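For reference, the structure is listed below as structure tokens.
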Amino acid sequence: KGILVVDNVAAGPAIGGLRMAADVTKEECFRLARAMTLKNAMAGLAHGGGKSVIVADPSLPEAEKIGLIRAFAHGVNDIQDYITGPDMGTNEAAMAHVKDVTGRAVGLPREIGGIPLDEIGATGLGLVAALEEAQEFSELRLDDARIVVQGFGSVGQHAACYLAEKGALLVGVSDSRGARCAPDGFDIDALLAHKHGGASVATWAEGESISAADLLCLPCDVLIPAARPDVIVADNAGLIQARVIAQGANIPASAAAEAVLANRGVLVLPDFVANAGGVICAAVEYHNGSETEAKTTIVEKIRANTRAVLRRAADENRLPRAVAVDVARERVLRAMTYRGGP
Ligand code: NAD
């Protein structure tokens with residue numbers, strides 16, 4: 001079963017990832033498509049928002065997985081206003097197959113002219129740019145920050161590496177198979193080698209095993225949710241001890257949870273502002289830009305947008321998300337006035 005939601009195309013053809021997961025739902029796809037409209041508008045891209053999902057286990061044998069992806073590509077071939085990108089459960093190779101069938105996809109392998117956004121850590125780079133700006137609006141200091149990453153995949157790993165370069169310490173980490181904490185910090189390079197060998201953080205030697213729920217509530221400066229939606233909800237928002245939450249995942253927190261966090265003084269960097277690195281990279285690739293241009297654009301755009309949103313939120317005493325939604329929505333509505341004529 002596959003689902004495609006094209007949410008808005010006023011600014012241009014929709015770009016949004018293709019997610020493969022056994023339990024993904026139509027509702028998740030709709031919400032993610034809207035998040036892409038807001039994200040692309042916030043990033044000032046010439047693209048609207050969409051999202052697609054294939055309901056299947058991403059650890060299927062490779063040939064079966066490619067078969068499903070090519071079948072999906074045939075299914076969306078006529079929807080010219082949708083450009084497929086990678087997401088959880090799909091990768092650059094999957095996008096090459098979509099491109100082969102439909103003639104359009106982003107996040108392609110280097111060999112066919114792509115800028116492999118997961119390989120270069122486009123989203124992790126952008127998250128760190130957002131966190132650098134957040135220092136002015138909180139007590140966060142990245143050079144001695146303690147960080148927790150929920151979901152040690154492409155986004156989580158690169159964010160952890162970029163933050164470690166700035167002096168931060170990774171003290172908690174999880175993947176779908178388990179969570180661990182190490183108050184003195186993990187050896188990130190060794191943990192990456194363990195992960196890249198196909199093992200889980202659950203079987204890593206350092207630190208101690210903890211529950212997925214406890215991971216989110218570890219004492220830390222930065223919490224990076226980088227897995228699935230709705231992990232921070234009203235029930236656990238009161239227990240989170242991070243100073244700043246940088247939303248690597250799309251829609252990782254409910255509106256109610258973000259209100260609780262704001263009341264407790266936790267600064268939340270909204271997903272569609274902070275995690276736009278991947279789609280900015282994809283748009284640069286689509287318009288034939290280089291990898292260097294992609295990285296520079298990611299940092300410039302995300303720093304400027306984060307600063308503008310946090311400044312206005314502070315001045316108007318509003319939630320960063322509320323301000324960001326206003327900004328993105330105004331841009332989409334303006335773009336819509338240019339379409340279709342009177
Ligand atoms: P990925 O598949 O590379 O990694 C996801 C990681 O999360 C894996 O390690 C997986 O084991 C782990 N995970 C899954 N379920 C979990 C759970 N319940 N608890 C803890 N860990 C769990 O995916 P990714 O590309 O890193 O994307 C992660 C999130 O970031 C997704 O929400 C995605 O939509 C969002 N995102 C990704 C990009 C990008 O450029 N890749 C851009 C913007 C947003």
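A note on labels: chains of the structure tokens are A, B, ... as shown, every chain counts residues from 1, and ligands are counted from 1 in their shown order.
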Sel. of alpha helix (DSSP H) residues, range 81-159 of chain A, as a ChimeraX atom specification: /A:92-102,122-134,154-159
Contacts to ligand 1 at 8 Å cut-off (only C-alpha atoms and all ligand atoms) as an NGL selection string: :A and (17 or 19 or 86-90 or 117-118 or 121-124 or 150-157 or 174-179 or 200 or 212 or 225-229 or 231 or 248-252 or 271 or 275-279)
Selection above as a file: C-alpha atoms, as an mmCIF file, in the first residue's frame:
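selection-v6.cif, written as the output of this step:
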```cif
data_model
loop_
_atom_site.group_PDB
_atom_site.id
_atom_site.type_symbol
_atom_site.label_atom_id
_atom_site.label_comp_id
_atom_site.auth_asym_id
_atom_site.auth_seq_id
_atom_site.Cartn_x
_atom_site.Cartn_y
_atom_site.Cartn_z
ATOM 1 C CA GLY A 17 10.262 12.463 1.279
ATOM 2 C CA ARG A 19 8.864 7.074 4.022
ATOM 3 C CA PRO A 86 14.449 10.192 0.641
ATOM 4 C CA ASP A 87 13.058 9.765 4.155
ATOM 5 C CA MET A 88 13.060 7.124 6.893
ATOM 6 C CA GLY A 89 13.340 3.681 5.339
ATOM 7 C CA THR A 90 14.476 4.954 1.903
ATOM 8 C CA LEU A 117 22.007 14.651 1.496
ATOM 9 C CA ASP A 118 22.209 11.912 4.116
ATOM 10 C CA GLY A 121 24.629 15.235 6.838
ATOM 11 C CA ALA A 122 22.591 18.123 5.402
ATOM 12 C CA THR A 123 19.938 18.047 8.115
ATOM 13 C CA GLY A 124 22.417 17.602 10.977
ATOM 14 C CA GLN A 150 16.708 9.955 20.202
ATOM 15 C CA GLY A 151 17.031 8.019 16.916
ATOM 16 C CA PHE A 152 20.696 7.528 15.995
ATOM 17 C CA GLY A 153 20.144 7.370 12.226
ATOM 18 C CA SER A 154 21.228 9.696 9.483
ATOM 19 C CA VAL A 155 20.019 12.934 11.097
ATOM 20 C CA GLY A 156 20.933 11.970 14.663
ATOM 21 C CA GLN A 157 24.427 10.740 13.811
ATOM 22 C CA SER A 174 18.819 5.475 21.153
ATOM 23 C CA ASP A 175 17.639 3.640 18.074
ATOM 24 C CA SER A 176 14.614 1.461 17.420
ATOM 25 C CA ARG A 177 16.177 -1.409 19.364
ATOM 26 C CA GLY A 178 17.238 0.302 22.583
ATOM 27 C CA ALA A 179 18.635 3.293 24.475
ATOM 28 C CA SER A 200 22.196 -1.368 17.546
ATOM 29 C CA ALA A 212 13.235 4.729 25.636
ATOM 30 C CA PRO A 225 14.393 13.881 18.731
ATOM 31 C CA ALA A 226 15.390 12.358 15.378
ATOM 32 C CA ALA A 227 13.036 9.428 14.797
ATOM 33 C CA ARG A 228 9.239 9.271 14.546
ATOM 34 C CA PRO A 229 6.379 11.713 15.273
ATOM 35 C CA VAL A 231 7.403 11.198 21.049
ATOM 36 C CA GLY A 248 15.391 16.792 13.958
ATOM 37 C CA ALA A 249 12.346 14.607 13.351
ATOM 38 C CA ASN A 250 9.217 15.991 11.751
ATOM 39 C CA ILE A 251 6.351 16.659 14.216
ATOM 40 C CA PRO A 252 8.084 14.968 17.178
ATOM 41 C CA ASP A 271 10.968 21.072 13.133
ATOM 42 C CA ASN A 275 15.440 20.495 10.163
ATOM 43 C CA ALA A 276 15.128 22.057 6.689
ATOM 44 C CA GLY A 277 18.740 21.178 5.785
ATOM 45 C CA GLY A 278 17.755 18.069 3.846
ATOM 46 C CA VAL A 279 15.157 19.749 1.672
#
```
Neighbour list for range 68-78 of chain A as JSON, numbers by chain, cut-off 12 Å, only C-alpha atoms, skip fewer than 6 positions in-chain: {"A": [1, 2, 3, 4, 5, 6, 18, 19, 20, 51, 52, 53, 54, 55, 56, 57, 58, 60, 61, 62, 84, 85, 86, 89, 90, 91, 92, 93, 94, 95, 96, 97, 98, 99, 100, 101, 102, 103, 104, 105]}
Strand (DSSP E or B) per DSSP on the backbone: members of range 29-68 of chain A, as a ChimeraX atom specification: /A:49-55
Create the file for the chosen residues now, containing N, CA, C and O atoms and written as a compact mmCIF listing (two decimals), in the first residue's frame.
```
# COMPACT_ATOMS: atom_id res chain seq x y z
N GLY A 49 4.74 21.62 -0.79
CA GLY A 49 4.99 20.50 0.11
C GLY A 49 4.16 19.28 -0.22
O GLY A 49 3.00 19.38 -0.64
N GLY A 50 4.76 18.11 -0.03
CA GLY A 50 4.07 16.84 -0.20
C GLY A 50 4.80 15.77 0.58
O GLY A 50 5.86 16.03 1.17
N LYS A 51 4.23 14.61 0.63
CA LYS A 51 4.88 13.49 1.33
C LYS A 51 4.28 12.21 0.80
O LYS A 51 3.11 12.17 0.38
N SER A 52 5.07 11.14 0.83
CA SER A 52 4.52 9.86 0.41
C SER A 52 5.02 8.77 1.35
O SER A 52 6.05 8.94 2.02
N VAL A 53 4.25 7.70 1.42
CA VAL A 53 4.64 6.58 2.28
C VAL A 53 4.36 5.27 1.57
O VAL A 53 3.46 5.17 0.73
N ILE A 54 5.17 4.30 1.89
CA ILE A 54 4.90 2.91 1.50
C ILE A 54 4.77 2.14 2.81
O ILE A 54 5.65 2.21 3.67
N VAL A 55 3.63 1.44 2.96
CA VAL A 55 3.41 0.69 4.19
C VAL A 55 4.09 -0.67 4.04
O VAL A 55 3.53 -1.60 3.44
```
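Neighbours of Glu165 in chain A closer than or equal to 12 Å, with only C-alpha atoms counted and sequence neighbours fewer than 4 positions away skipped, come out as A:Leu125, A:Val128, A:Leu142, A:Asp143, A:Asp144, A:Ala145, A:His158, A:Ala159, A:Ala160, A:Cys161, A:Leu169, A:Leu170, A:Ile188, A:Asp189.
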Would you save the residues from that selection as a compact mmCIF listing (two decimals), in the first residue's frame, using all heavy atoms?
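Output file result19.txt follows:
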```
# COMPACT_ATOMS: atom_id res chain seq x y z
N LEU A 125 23.67 19.31 9.81
CA LEU A 125 24.36 20.60 9.68
C LEU A 125 23.40 21.76 9.97
O LEU A 125 23.75 22.71 10.69
CB LEU A 125 24.90 20.72 8.24
CG LEU A 125 25.66 21.99 7.88
CD1 LEU A 125 26.98 22.06 8.65
CD2 LEU A 125 25.95 22.03 6.37
N VAL A 128 22.49 22.11 13.71
CA VAL A 128 23.54 22.74 14.49
C VAL A 128 23.57 24.25 14.23
O VAL A 128 23.79 25.05 15.14
CB VAL A 128 24.90 22.05 14.22
CG1 VAL A 128 26.03 22.75 14.95
CG2 VAL A 128 24.83 20.59 14.64
N LEU A 142 27.23 25.75 23.35
CA LEU A 142 27.48 24.49 22.65
C LEU A 142 28.84 23.89 22.97
O LEU A 142 29.01 22.68 22.90
CB LEU A 142 27.36 24.70 21.13
CG LEU A 142 25.93 24.84 20.60
CD1 LEU A 142 25.94 25.01 19.09
CD2 LEU A 142 25.08 23.65 20.99
N ASP A 143 29.82 24.76 23.35
CA ASP A 143 31.17 24.19 23.55
C ASP A 143 31.29 23.30 24.77
O ASP A 143 32.27 22.57 24.90
CB ASP A 143 32.24 25.30 23.54
CG ASP A 143 31.96 26.39 24.54
OD1 ASP A 143 31.03 26.21 25.36
OD2 ASP A 143 32.64 27.42 24.52
N ASP A 144 30.30 23.35 25.68
CA ASP A 144 30.34 22.33 26.74
C ASP A 144 28.95 21.73 26.97
O ASP A 144 28.59 21.34 28.07
CB ASP A 144 30.95 22.89 28.03
CG ASP A 144 30.06 23.95 28.66
OD1 ASP A 144 29.05 24.34 28.02
OD2 ASP A 144 30.35 24.38 29.79
N ALA A 145 28.16 21.66 25.89
CA ALA A 145 26.78 21.16 26.02
C ALA A 145 26.75 19.64 26.14
O ALA A 145 27.58 18.93 25.55
CB ALA A 145 25.96 21.60 24.80
N HIS A 158 24.70 12.61 12.28
CA HIS A 158 25.42 13.79 11.79
C HIS A 158 25.30 14.96 12.76
O HIS A 158 26.25 15.71 12.96
CB HIS A 158 24.92 14.19 10.39
CG HIS A 158 25.49 13.31 9.32
ND1 HIS A 158 24.79 12.30 8.73
CD2 HIS A 158 26.71 13.28 8.75
CE1 HIS A 158 25.55 11.69 7.84
NE2 HIS A 158 26.72 12.27 7.84
N ALA A 159 24.12 15.12 13.36
CA ALA A 159 23.97 16.21 14.34
C ALA A 159 24.96 15.99 15.48
O ALA A 159 25.64 16.93 15.92
CB ALA A 159 22.54 16.25 14.86
N ALA A 160 25.07 14.74 15.96
CA ALA A 160 25.98 14.44 17.06
C ALA A 160 27.43 14.74 16.65
O ALA A 160 28.19 15.33 17.44
CB ALA A 160 25.84 12.98 17.48
N CYS A 161 27.80 14.39 15.43
CA CYS A 161 29.18 14.63 14.98
C CYS A 161 29.47 16.12 14.86
O CYS A 161 30.51 16.59 15.33
CB CYS A 161 29.43 13.96 13.62
SG CYS A 161 29.48 12.18 13.74
N LEU A 169 29.15 17.04 24.25
CA LEU A 169 29.33 15.65 24.69
C LEU A 169 28.01 14.90 24.48
O LEU A 169 26.95 15.36 24.93
CB LEU A 169 29.66 15.71 26.18
CG LEU A 169 30.39 14.58 26.86
CD1 LEU A 169 31.78 14.40 26.25
CD2 LEU A 169 30.51 14.88 28.35
N LEU A 170 28.07 13.75 23.82
CA LEU A 170 26.86 12.92 23.64
C LEU A 170 26.70 12.04 24.88
O LEU A 170 27.53 11.18 25.15
CB LEU A 170 27.03 12.05 22.38
CG LEU A 170 25.89 11.08 22.06
CD1 LEU A 170 24.63 11.85 21.65
CD2 LEU A 170 26.29 10.10 20.95
N ILE A 188 32.02 8.87 20.11
CA ILE A 188 31.10 8.88 18.96
C ILE A 188 31.66 8.09 17.78
O ILE A 188 30.92 7.33 17.14
CB ILE A 188 30.75 10.33 18.54
CG1 ILE A 188 29.99 11.03 19.67
CG2 ILE A 188 29.90 10.34 17.26
CD1 ILE A 188 29.53 12.43 19.35
N ASP A 189 32.96 8.24 17.50
CA ASP A 189 33.52 7.52 16.35
C ASP A 189 33.39 6.01 16.52
O ASP A 189 33.03 5.29 15.59
CB ASP A 189 35.00 7.89 16.16
CG ASP A 189 35.15 9.32 15.65
OD1 ASP A 189 34.17 9.84 15.07
OD2 ASP A 189 36.22 9.90 15.82
```
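What separates CA of Ala182 in chain A from CA of Glu206 in chain A is a distance of 6.8 Å.
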Coordinates-based distance that separates CA of Ala134 in chain A from CA of Thr292 in chain A (Å, one decimal):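 Distance reported for this atom pair: 24.3 Å.
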Interatomic distance, CA of Tyr162 in chain A to CA of Ala308 in chain A (Å, one decimal):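 Spanning CA of Tyr162 in chain A to CA of Ala308 in chain A is a straight-line distance of 22.9 Å.
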Test item: residues at most 8 Å from range 129-133 of chain A, only C-alpha atoms, excluding those fewer than 5 positions along its chain, as a ChimeraX atom specification: /A:142,246,269,274,299,302-303,306-307
Using only C-alpha atoms: which of A:Asp7, A:Gln135, A:Pro116, A:Cys29 has the shortest distance to Lys295 in chain A: A:Pro116
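Nearest-residue note for Leu163 in chain A: choosing from A:Glu111, A:Asp184, A:Asp23, A:Asp221, the minimum distance belongs to A:Asp221, counting only C-alpha atoms.
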Near-Arg311 in chain A list (10 Å; only C-alpha atoms; drop same-chain fewer than 4 positions) as a list in words: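 Returned residues: Ala134, Glu136, Phe137, Asn305, Thr306, Arg307, Asp315, Glu316, Asn317, Pro320 and Val323 of chain A.
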Generate a file of the selected residues that holds all heavy atoms, formatted as a compact mmCIF listing (two decimals), in the first residue's frame.
```txt
# COMPACT_ATOMS: atom_id res chain seq x y z
N ALA A 134 20.40 29.62 18.72
CA ALA A 134 19.63 29.49 19.97
C ALA A 134 20.44 29.93 21.18
O ALA A 134 19.88 30.26 22.23
CB ALA A 134 19.17 28.04 20.15
N GLU A 136 21.92 32.62 21.74
CA GLU A 136 21.63 34.00 22.14
C GLU A 136 20.29 34.12 22.88
O GLU A 136 20.05 35.09 23.58
CB GLU A 136 21.59 34.88 20.87
CG GLU A 136 21.71 36.35 21.17
CD GLU A 136 21.55 37.17 19.91
OE1 GLU A 136 22.18 36.84 18.88
OE2 GLU A 136 20.76 38.14 19.95
N PHE A 137 19.43 33.10 22.72
CA PHE A 137 18.09 33.19 23.29
C PHE A 137 17.90 32.23 24.47
O PHE A 137 16.78 31.97 24.90
CB PHE A 137 17.05 32.90 22.20
CG PHE A 137 17.10 33.89 21.07
CD1 PHE A 137 17.95 33.70 19.98
CD2 PHE A 137 16.34 35.06 21.11
CE1 PHE A 137 18.02 34.63 18.95
CE2 PHE A 137 16.40 35.99 20.08
CZ PHE A 137 17.25 35.78 19.00
N ASN A 305 16.64 32.21 9.51
CA ASN A 305 15.25 31.92 9.87
C ASN A 305 15.10 31.67 11.37
O ASN A 305 14.13 32.13 11.99
CB ASN A 305 14.73 30.70 9.09
CG ASN A 305 14.47 31.05 7.64
OD1 ASN A 305 14.20 32.21 7.32
ND2 ASN A 305 14.56 30.08 6.76
N THR A 306 16.05 30.94 11.95
CA THR A 306 15.97 30.66 13.39
C THR A 306 16.06 31.97 14.18
O THR A 306 15.27 32.23 15.09
CB THR A 306 17.11 29.71 13.82
OG1 THR A 306 17.05 28.54 13.02
CG2 THR A 306 16.98 29.33 15.29
N ARG A 307 17.01 32.80 13.80
CA ARG A 307 17.19 34.08 14.49
C ARG A 307 15.91 34.93 14.39
O ARG A 307 15.42 35.47 15.39
CB ARG A 307 18.37 34.84 13.89
CG ARG A 307 18.56 36.25 14.42
CD ARG A 307 19.85 36.82 13.87
NE ARG A 307 20.98 36.14 14.47
CZ ARG A 307 21.61 36.59 15.56
NH1 ARG A 307 21.25 37.72 16.12
NH2 ARG A 307 22.61 35.94 16.08
N ASP A 315 10.11 38.89 21.36
CA ASP A 315 9.51 40.24 21.40
C ASP A 315 8.01 40.18 21.64
O ASP A 315 7.44 41.03 22.31
CB ASP A 315 9.76 40.95 20.06
CG ASP A 315 11.23 41.33 19.90
OD1 ASP A 315 11.97 41.21 20.89
OD2 ASP A 315 11.62 41.71 18.77
N GLU A 316 7.35 39.20 21.04
CA GLU A 316 5.88 39.13 21.11
C GLU A 316 5.41 38.17 22.21
O GLU A 316 4.20 37.95 22.35
CB GLU A 316 5.30 38.71 19.74
CG GLU A 316 5.62 39.73 18.64
CD GLU A 316 5.16 39.28 17.25
OE1 GLU A 316 4.47 38.23 17.14
OE2 GLU A 316 5.50 39.98 16.28
N ASN A 317 6.37 37.58 22.94
CA ASN A 317 6.03 36.62 23.99
C ASN A 317 5.11 35.51 23.48
O ASN A 317 4.08 35.21 24.07
CB ASN A 317 5.40 37.36 25.19
CG ASN A 317 5.41 36.49 26.42
OD1 ASN A 317 6.19 35.54 26.50
ND2 ASN A 317 4.54 36.78 27.37
N PRO A 320 7.77 29.93 19.60
CA PRO A 320 8.46 29.98 18.31
C PRO A 320 7.64 29.32 17.20
O PRO A 320 7.59 29.82 16.07
CB PRO A 320 9.75 29.20 18.58
CG PRO A 320 10.00 29.36 20.04
CD PRO A 320 8.64 29.42 20.68
N VAL A 323 4.90 31.67 15.82
CA VAL A 323 5.49 32.71 14.96
C VAL A 323 5.88 32.10 13.62
O VAL A 323 5.59 32.66 12.54
CB VAL A 323 6.73 33.33 15.66
CG1 VAL A 323 7.50 34.21 14.69
CG2 VAL A 323 6.30 34.12 16.89
```
A:Glu300, A:Arg339, A:Ala322, A:Ala190 ranked by distance to Ala259 in chain A, top pick (using only C-alpha atoms):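 Closest residue, counting only C-alpha atoms: A:Ala322.
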